[in-house]
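Enquirer: The following block contains the structure, expressed as structure tokens.
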Amino acid sequence: MSLDVAALRQQFPILSRKLDGKPLVYLDNAATTQKPQAVIDALVDYYTTCNANVHRGAHQLADEATRRYEQARDTVAKFINANVREEVIWTSGTTEAINLVANGLGQLLNAGDEVLVTEMEHHANLVTWQQACKHAGATLKVVPINARGELDEAAFAALLSTNTRLVAMPHVSNALGTVNPIKALTAKAKAVGALVLIDGAQGIAHGDVDVQDIGCDFYAFSGHKVFAPTGVGALWGRASVLADWPVWLVGGEMIQDVTYQDATWGALPNRLEAGTPNIAGVLGLAAALDWFNTLDKAAVQQHEKALLASAHEQAEAFDGLRIIGNATNKIGVLSFMLDGAHPADVGFILDRQGIAIRTGDNCAQPLMKKLGIPGTARASFSIYNTLDEVDALFAALRKAKMMLA
Ligand SMILES: *Cc1c(COP(=O)(O)O)cnc(C)c1O
């Protein structure tokens, strides 16, 4: 079975846009994905037919909004194979989900405790833990990567100890495309009694995420990287851990009983969800996952592999291009440098030709410093990209090379 990419593209209105008369070639999917009509429709439908606040109304619209909103939680729970629906906590995205965990762990950490992260972290999964450790007097340890951009698994094992309270690592690196062996690493971390948080911002759109199979305690992701709107995401957390997790945002919805002097907290998931949520966003996220589920996952993965394989093949044959990140298990991302050219200039020249890529530090400054580069140019692929678009990227890069030489 192969993916009907032409039919798929028709469902994304933005992909027919032209920029200065040139067709848009959107290769910035690791920053955010485009939205299919089904998701756009879900937002319009909510505001057109059943806009009301959830969980509080005594009227039909509120009932309907609440029903759809809670059904969306079921959709997410099923998508990632959560044990129970109450383990899905709505957040504004990956960053907020990780902050939720860091805020709680910060209250549980003591001097002498250790948190383990990796050299390939996005700032969202680094600055959070760095600051939590600073406040608690705990120690942040960083797992090194090898020359290909893969985690050093021997170092990972060596850095684990009975003092390790948490291991936080990405499912897929946004800067290098490396797919980490999270299941095996989680097992090692659990063996010393550590909690495990997976930053799933990139993982969510590229594979079958099964949190029970991974064995982790937390999995964080953003809707906008999996065809859903911005401003919504989720934290999945093991119920046995989250049930007693320190609350963070306090206010309406998350309480059980309130007096002027004190308050008690509600049960999961509400205890971690204060205030009016992003209802439209939640419905858009469910619509995105429902839409994604209509695709043949094996065909999707095969197509993504083909895109990356073509990109790698052309990159390796390109004189003066250096690939950043050569992991054996890699998906969706080609980061690179052109000899003698600043990534920002490469991005500018590509943009003039309608090709959208990311340039810069990829929200991973310490990683760029370790690699000794100012940043990279990054092309990142999604299911609606075509092999022709990969060719267009390299045609544009040949032009860029001539102009910058
Ligand atoms: C995008 C991304 C984040 C941050 O996601 P937000 O949607 O900005 O909160 C974190 N980690 C990785 C690996 C990412 O790619």
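Ordering of the structure tokens sets the chain letters (A, B, ...), residue numbers begin anew at 1 in every chain, and ligands are numbered from 1 in the order given.
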Excluding Val39 in chain A and residues on its chain fewer than 5 positions from it, collect all residues at most 6 Å away from it, counting only C-alpha atoms, and give them as a list of chain:residue names.
Expert: A:Gly284, A:Ala287, A:Ala288
Enquirer: Could those selected residues go to a file with C-alpha atoms, as a PDB file, in the first residue's frame?
Expert:
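Full text of again_16.pdb as output:
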ATOM      1  CA  GLY A 284      -9.291  20.527  16.911  1.00  0.00           C
ATOM      2  CA  ALA A 287     -10.219  16.089  14.866  1.00  0.00           C
ATOM      3  CA  ALA A 288      -6.544  15.992  13.866  1.00  0.00           C
TER       4      ALA A 288
END
Enquirer: Using only C-alpha atoms, what does the table of range 296-400 of chain A residues within 12 Å of range 223-229 of chain A look like, with each row giving the shortest atom pair and its distance in Å to one decimal, sorted by chain and ascending number, as a Markdown table?
Expert:
| residue | atom | partner | partner_atom | distance |
| --- | --- | --- | --- | --- |
| A:Ser380 | CA | A:Lys225 | CA | 11.5 |
| A:Phe381 | CA | A:Lys225 | CA | 11.4 |
| A:Ser382 | CA | A:Val226 | CA | 9.5 |
| A:Ile383 | CA | A:Phe227 | CA | 10.4 |
| A:Tyr384 | CA | A:Phe227 | CA | 11.0 |
Enquirer: Which residues of range 159-194 of chain A come within 8 Å of range 203-213 of chain A, and what is each one's closest atom pair and distance in Å (one decimal), counting only C-alpha atoms, sorted by chain and residue number, as JSON lines?
Expert:
{"residue": "A:His171", "atom": "CA", "partner": "A:Gly203", "partner_atom": "CA", "distance": 5.3}
{"residue": "A:Val172", "atom": "CA", "partner": "A:Gly203", "partner_atom": "CA", "distance": 5.3}
{"residue": "A:Lys183", "atom": "CA", "partner": "A:Asp213", "partner_atom": "CA", "distance": 7.4}
Enquirer: Quick one: write out the picked residues with N, CA, C and O atoms as an mmCIF file, in the first residue's frame?
Expert:
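Result file follows (again-v3.cif):
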data_model
loop_
_atom_site.group_PDB
_atom_site.id
_atom_site.type_symbol
_atom_site.label_atom_id
_atom_site.label_comp_id
_atom_site.auth_asym_id
_atom_site.auth_seq_id
_atom_site.Cartn_x
_atom_site.Cartn_y
_atom_site.Cartn_z
ATOM 1 N N HIS A 171 11.730 11.722 22.460
ATOM 2 C CA HIS A 171 11.431 10.549 21.641
ATOM 3 C C HIS A 171 12.213 10.677 20.334
ATOM 4 O O HIS A 171 12.954 9.772 19.955
ATOM 5 N N VAL A 172 12.050 11.840 19.684
ATOM 6 C CA VAL A 172 12.762 12.133 18.438
ATOM 7 C C VAL A 172 13.375 13.529 18.582
ATOM 8 O O VAL A 172 12.695 14.457 19.030
ATOM 9 N N LYS A 183 12.200 2.881 24.724
ATOM 10 C CA LYS A 183 11.679 1.756 25.517
ATOM 11 C C LYS A 183 12.806 1.092 26.315
ATOM 12 O O LYS A 183 12.670 0.860 27.525
#
Enquirer: Give the answer as one residue: which of A:Gln60, A:Ser335, A:Asn362, A:Asn385 has the shortest atom-to-atom distance to Ala124 in chain A, using only C-alpha atoms?
Expert: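 The shortest atom-to-atom distance to Ala124 in chain A comes from A:Asn362.
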Enquirer: Could you tell me how far CA of Gln71 in chain A sits from CA of Val250 in chain A, in Å to one decimal place?
Expert: 24.3 Å
Enquirer: Quick one: contact table of chain A to ligand 1, 7 Å max, nearest atom pair and distance in Å to one decimal per residue, counting only C-alpha atoms and all ligand atoms, chain and number order, as CSV?
Expert:
residue,atom,partner,partner_atom_place_in_ligand_line,distance
A:Ala30,CA,ligand 1,15 (O),6.0
A:Ala31,CA,ligand 1,1 (C),5.9
A:Gly93,CA,ligand 1,9 (O),4.4
A:Thr94,CA,ligand 1,9 (O),3.9
A:Thr95,CA,ligand 1,9 (O),3.6
A:Glu96,CA,ligand 1,9 (O),6.3
A:Glu121,CA,ligand 1,13 (C),6.9
A:His122,CA,ligand 1,11 (N),4.9
A:Ala124,CA,ligand 1,10 (C),5.1
A:Asn125,CA,ligand 1,11 (N),6.4
A:Pro170,CA,ligand 1,13 (C),5.8
A:Val172,CA,ligand 1,13 (C),6.4
A:Ser173,CA,ligand 1,13 (C),5.4
A:Asn174,CA,ligand 1,15 (O),4.6
A:Asp199,CA,ligand 1,11 (N),5.7
A:Gly200,CA,ligand 1,13 (C),6.6
A:Ala201,CA,ligand 1,14 (C),4.6
A:Gln202,CA,ligand 1,15 (O),5.0
A:Ser222,CA,ligand 1,7 (O),4.8
A:His224,CA,ligand 1,7 (O),6.7
Enquirer: Can you write just those residues out, N, CA and C atoms, as a PDB file, in the first residue's frame?
Expert:
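Contents of out.pdb, freshly written:
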ATOM      1  N   ALA A  30       8.920  20.293  11.476  1.00  0.00           N
ATOM      2  CA  ALA A  30       9.325  20.058  12.863  1.00  0.00           C
ATOM      3  C   ALA A  30       9.024  21.286  13.720  1.00  0.00           C
ATOM      4  N   ALA A  31       8.827  22.433  13.072  1.00  0.00           N
ATOM      5  CA  ALA A  31       8.432  23.646  13.813  1.00  0.00           C
ATOM      6  C   ALA A  31       6.930  23.649  14.037  1.00  0.00           C
ATOM      7  N   GLY A  93       0.606  22.889  25.361  1.00  0.00           N
ATOM      8  CA  GLY A  93       1.572  22.276  24.459  1.00  0.00           C
ATOM      9  C   GLY A  93       2.619  21.501  25.242  1.00  0.00           C
ATOM     10  N   THR A  94       3.662  21.111  24.537  1.00  0.00           N
ATOM     11  CA  THR A  94       4.743  20.339  25.163  1.00  0.00           C
ATOM     12  C   THR A  94       5.404  21.131  26.282  1.00  0.00           C
ATOM     13  N   THR A  95       5.700  22.388  25.993  1.00  0.00           N
ATOM     14  CA  THR A  95       6.409  23.222  26.971  1.00  0.00           C
ATOM     15  C   THR A  95       5.645  23.276  28.288  1.00  0.00           C
ATOM     16  N   GLU A  96       4.337  23.537  28.182  1.00  0.00           N
ATOM     17  CA  GLU A  96       3.550  23.617  29.414  1.00  0.00           C
ATOM     18  C   GLU A  96       3.453  22.257  30.096  1.00  0.00           C
ATOM     19  N   GLU A 121      18.627  17.780  24.005  1.00  0.00           N
ATOM     20  CA  GLU A 121      17.338  18.361  24.420  1.00  0.00           C
ATOM     21  C   GLU A 121      16.973  19.646  23.689  1.00  0.00           C
ATOM     22  N   HIS A 122      15.709  19.782  23.420  1.00  0.00           N
ATOM     23  CA  HIS A 122      15.075  21.067  23.105  1.00  0.00           C
ATOM     24  C   HIS A 122      15.097  21.882  24.407  1.00  0.00           C
ATOM     25  N   ALA A 124      12.916  23.302  25.903  1.00  0.00           N
ATOM     26  CA  ALA A 124      11.740  23.008  26.742  1.00  0.00           C
ATOM     27  C   ALA A 124      12.011  21.864  27.718  1.00  0.00           C
ATOM     28  N   ASN A 125      12.885  20.956  27.331  1.00  0.00           N
ATOM     29  CA  ASN A 125      13.158  19.803  28.195  1.00  0.00           C
ATOM     30  C   ASN A 125      14.531  19.912  28.852  1.00  0.00           C
ATOM     31  N   PRO A 170      14.095  13.126  24.769  1.00  0.00           N
ATOM     32  CA  PRO A 170      13.182  13.253  23.630  1.00  0.00           C
ATOM     33  C   PRO A 170      12.940  11.898  22.956  1.00  0.00           C
ATOM     34  N   VAL A 172      12.050  11.840  19.684  1.00  0.00           N
ATOM     35  CA  VAL A 172      12.762  12.133  18.438  1.00  0.00           C
ATOM     36  C   VAL A 172      13.375  13.529  18.582  1.00  0.00           C
ATOM     37  N   SER A 173      14.635  13.670  18.193  1.00  0.00           N
ATOM     38  CA  SER A 173      15.293  14.975  18.290  1.00  0.00           C
ATOM     39  C   SER A 173      14.832  15.906  17.178  1.00  0.00           C
ATOM     40  N   ASN A 174      14.398  17.107  17.550  1.00  0.00           N
ATOM     41  CA  ASN A 174      13.971  18.084  16.554  1.00  0.00           C
ATOM     42  C   ASN A 174      15.150  18.646  15.769  1.00  0.00           C
ATOM     43  N   ASP A 199       9.777  13.565  26.046  1.00  0.00           N
ATOM     44  CA  ASP A 199       9.360  14.726  25.265  1.00  0.00           C
ATOM     45  C   ASP A 199       8.938  14.193  23.891  1.00  0.00           C
ATOM     46  N   GLY A 200       7.619  14.129  23.696  1.00  0.00           N
ATOM     47  CA  GLY A 200       7.081  13.507  22.481  1.00  0.00           C
ATOM     48  C   GLY A 200       6.697  14.504  21.398  1.00  0.00           C
ATOM     49  N   ALA A 201       7.218  15.738  21.496  1.00  0.00           N
ATOM     50  CA  ALA A 201       6.801  16.779  20.538  1.00  0.00           C
ATOM     51  C   ALA A 201       7.006  16.339  19.091  1.00  0.00           C
ATOM     52  N   GLN A 202       8.130  15.672  18.833  1.00  0.00           N
ATOM     53  CA  GLN A 202       8.383  15.193  17.466  1.00  0.00           C
ATOM     54  C   GLN A 202       7.893  13.765  17.273  1.00  0.00           C
ATOM     55  N   SER A 222       2.642  18.360  21.748  1.00  0.00           N
ATOM     56  CA  SER A 222       1.903  19.538  21.284  1.00  0.00           C
ATOM     57  C   SER A 222       0.975  19.131  20.147  1.00  0.00           C
ATOM     58  N   HIS A 224       0.023  21.106  17.717  1.00  0.00           N
ATOM     59  CA  HIS A 224       0.354  21.749  16.437  1.00  0.00           C
ATOM     60  C   HIS A 224       1.401  21.015  15.634  1.00  0.00           C
TER      61      HIS A 224
END
Enquirer: In terms of the shortest atom-to-atom distance over only C-alpha atoms, which of A:Ala132, A:Ala356, A:Ala72, A:Ala327 is closest to Gly149 in chain A?
Expert: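 Smallest separation from Gly149 in chain A among the options: A:Ala327.
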Enquirer: Within 10 Å of range 2-14 of chain A, counting only C-alpha atoms, which residues qualify if same-chain residues fewer than 5 places away don't, as a PDB file with C-alpha atoms, in the first residue's frame?
Expert:
ATOM      1  CA  LEU A  24       4.963  26.862  -1.470  1.00  0.00           C
ATOM      2  CA  TYR A  26       6.770  23.669   3.137  1.00  0.00           C
ATOM      3  CA  GLN A  34      -0.055  22.422   8.420  1.00  0.00           C
ATOM      4  CA  LYS A  35      -3.735  21.728   9.144  1.00  0.00           C
ATOM      5  CA  PRO A  36      -6.133  19.627   7.094  1.00  0.00           C
ATOM      6  CA  GLN A  37      -9.590  20.984   6.283  1.00  0.00           C
ATOM      7  CA  ALA A  38     -11.094  18.538   8.819  1.00  0.00           C
ATOM      8  CA  VAL A  39      -9.284  20.372  11.627  1.00  0.00           C
ATOM      9  CA  ILE A  40     -10.168  23.823  10.353  1.00  0.00           C
ATOM     10  CA  PHE A 227      -1.846  18.629  12.351  1.00  0.00           C
ATOM     11  CA  LEU A 295      -4.402   7.023   7.091  1.00  0.00           C
ATOM     12  CA  ASP A 296      -2.591   3.741   6.692  1.00  0.00           C
ATOM     13  CA  LYS A 297       0.201   4.124   9.275  1.00  0.00           C
ATOM     14  CA  ALA A 298       2.519   1.687   7.535  1.00  0.00           C
ATOM     15  CA  ALA A 299       2.134   3.624   4.275  1.00  0.00           C
ATOM     16  CA  VAL A 300       2.746   6.900   6.135  1.00  0.00           C
ATOM     17  CA  GLN A 301       5.961   5.587   7.645  1.00  0.00           C
ATOM     18  CA  GLN A 302       7.109   4.181   4.331  1.00  0.00           C
ATOM     19  CA  HIS A 303       6.519   7.532   2.649  1.00  0.00           C
ATOM     20  CA  ILE A 383       3.360  13.125   5.198  1.00  0.00           C
ATOM     21  CA  TYR A 384       2.167  15.626   2.577  1.00  0.00           C
ATOM     22  CA  ASN A 385       5.638  16.374   1.228  1.00  0.00           C
ATOM     23  CA  THR A 386       6.636  14.860  -2.098  1.00  0.00           C
TER      24      THR A 386
END
Enquirer: Could you tell me, as a ChimeraX atom specification, which residues of range 143-295 of chain A DSSP assigns to helix (DSSP H, G or I) when given the backbone?
Expert: /A:153-159,182-191,203-205,211-214,223-226,239-242,270-272,279-293
Enquirer: Tell me, as a PyMOL selection string, which residues lie within 8 Å of range 75-79 of chain A, counting only C-alpha atoms; anything in the same chain fewer than 5 positions away does not count.
Expert: chain A and resi 84-85+87-88+209-210+286+289-290
Enquirer: Take the selection from the previous step and output its residues with N, CA and C atoms, as a compact mmCIF listing (two decimals), in the first residue's frame.
Expert:
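So the final result, stored in again28.txt, reads:
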# COMPACT_ATOMS: atom_id res chain seq x y z
N VAL A 84 -6.04 4.72 31.32
CA VAL A 84 -7.35 5.31 31.61
C VAL A 84 -7.37 6.75 31.11
N ARG A 85 -8.55 7.23 30.76
CA ARG A 85 -8.70 8.56 30.17
C ARG A 85 -8.25 9.68 31.11
N GLU A 87 -5.74 9.98 32.71
CA GLU A 87 -4.29 10.21 32.63
C GLU A 87 -3.93 11.26 31.60
N VAL A 88 -4.91 11.72 30.84
CA VAL A 88 -4.65 12.74 29.81
C VAL A 88 -5.00 14.11 30.38
N VAL A 209 2.62 5.77 18.93
CA VAL A 209 3.02 6.02 20.31
C VAL A 209 2.14 5.16 21.21
N ASP A 210 2.78 4.33 22.01
CA ASP A 210 2.06 3.47 22.94
C ASP A 210 2.73 3.63 24.30
N ALA A 286 -8.55 16.61 18.68
CA ALA A 286 -9.24 15.32 18.46
C ALA A 286 -9.53 15.12 16.97
N LEU A 289 -6.34 14.01 15.25
CA LEU A 289 -5.96 12.61 15.49
C LEU A 289 -6.94 11.67 14.77
N ASP A 290 -8.23 12.02 14.78
CA ASP A 290 -9.20 11.22 14.03
C ASP A 290 -8.82 11.18 12.55
Enquirer: With distances taken over only C-alpha atoms, which residue among A:Thr128, A:Ala396, A:Gly177, A:Asp217 lies nearest Asp351 in chain A?
Expert: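 Smallest separation from Asp351 in chain A among the options: A:Ala396.
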Enquirer: I need the residues in range 68-313 of chain A that are strand (DSSP E or B) according to DSSP; give them as a ChimeraX atom specification.
Expert: /A:88-91,114-118,139-143,145,151,164-170,172,178-179,195-199,218-222,233-237,255-258,263-265
Enquirer: Excluding same-chain residues fewer than 6 positions from Thr359 in chain A, what lies within 6 Å of it counting only C-alpha atoms, as number ranges by chain?
Expert: A: 343-344, 376-378
Enquirer: How would the residues just chosen look if you wrote them out with N, CA, C and O atoms as an mmCIF file, in the first residue's frame?
Expert:
data_model
loop_
_atom_site.group_PDB
_atom_site.id
_atom_site.type_symbol
_atom_site.label_atom_id
_atom_site.label_comp_id
_atom_site.auth_asym_id
_atom_site.auth_seq_id
_atom_site.Cartn_x
_atom_site.Cartn_y
_atom_site.Cartn_z
ATOM 1 N N PRO A 343 23.790 29.692 7.906
ATOM 2 C CA PRO A 343 22.470 29.077 7.708
ATOM 3 C C PRO A 343 21.368 30.092 7.405
ATOM 4 O O PRO A 343 20.477 29.843 6.586
ATOM 5 N N ALA A 344 21.457 31.282 8.034
ATOM 6 C CA ALA A 344 20.409 32.293 7.814
ATOM 7 C C ALA A 344 20.377 32.743 6.356
ATOM 8 O O ALA A 344 19.302 32.979 5.787
ATOM 9 N N THR A 376 22.019 25.459 12.330
ATOM 10 C CA THR A 376 21.951 24.678 11.092
ATOM 11 C C THR A 376 20.843 25.235 10.212
ATOM 12 O O THR A 376 20.035 26.042 10.650
ATOM 13 N N ALA A 377 20.843 24.783 8.960
ATOM 14 C CA ALA A 377 19.643 24.863 8.141
ATOM 15 C C ALA A 377 18.946 23.519 8.360
ATOM 16 O O ALA A 377 19.601 22.490 8.473
ATOM 17 N N ARG A 378 17.630 23.559 8.477
ATOM 18 C CA ARG A 378 16.917 22.304 8.751
ATOM 19 C C ARG A 378 15.695 22.177 7.843
ATOM 20 O O ARG A 378 14.803 23.010 7.896
#
Enquirer: Counting only C-alpha atoms, which residue out of A:Thr178, A:Glu114, A:Lys401, A:Leu371 sits closest to Leu159 in chain A?
Expert: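 Ranked by minimum distance to Leu159 in chain A, first place goes to A:Glu114.
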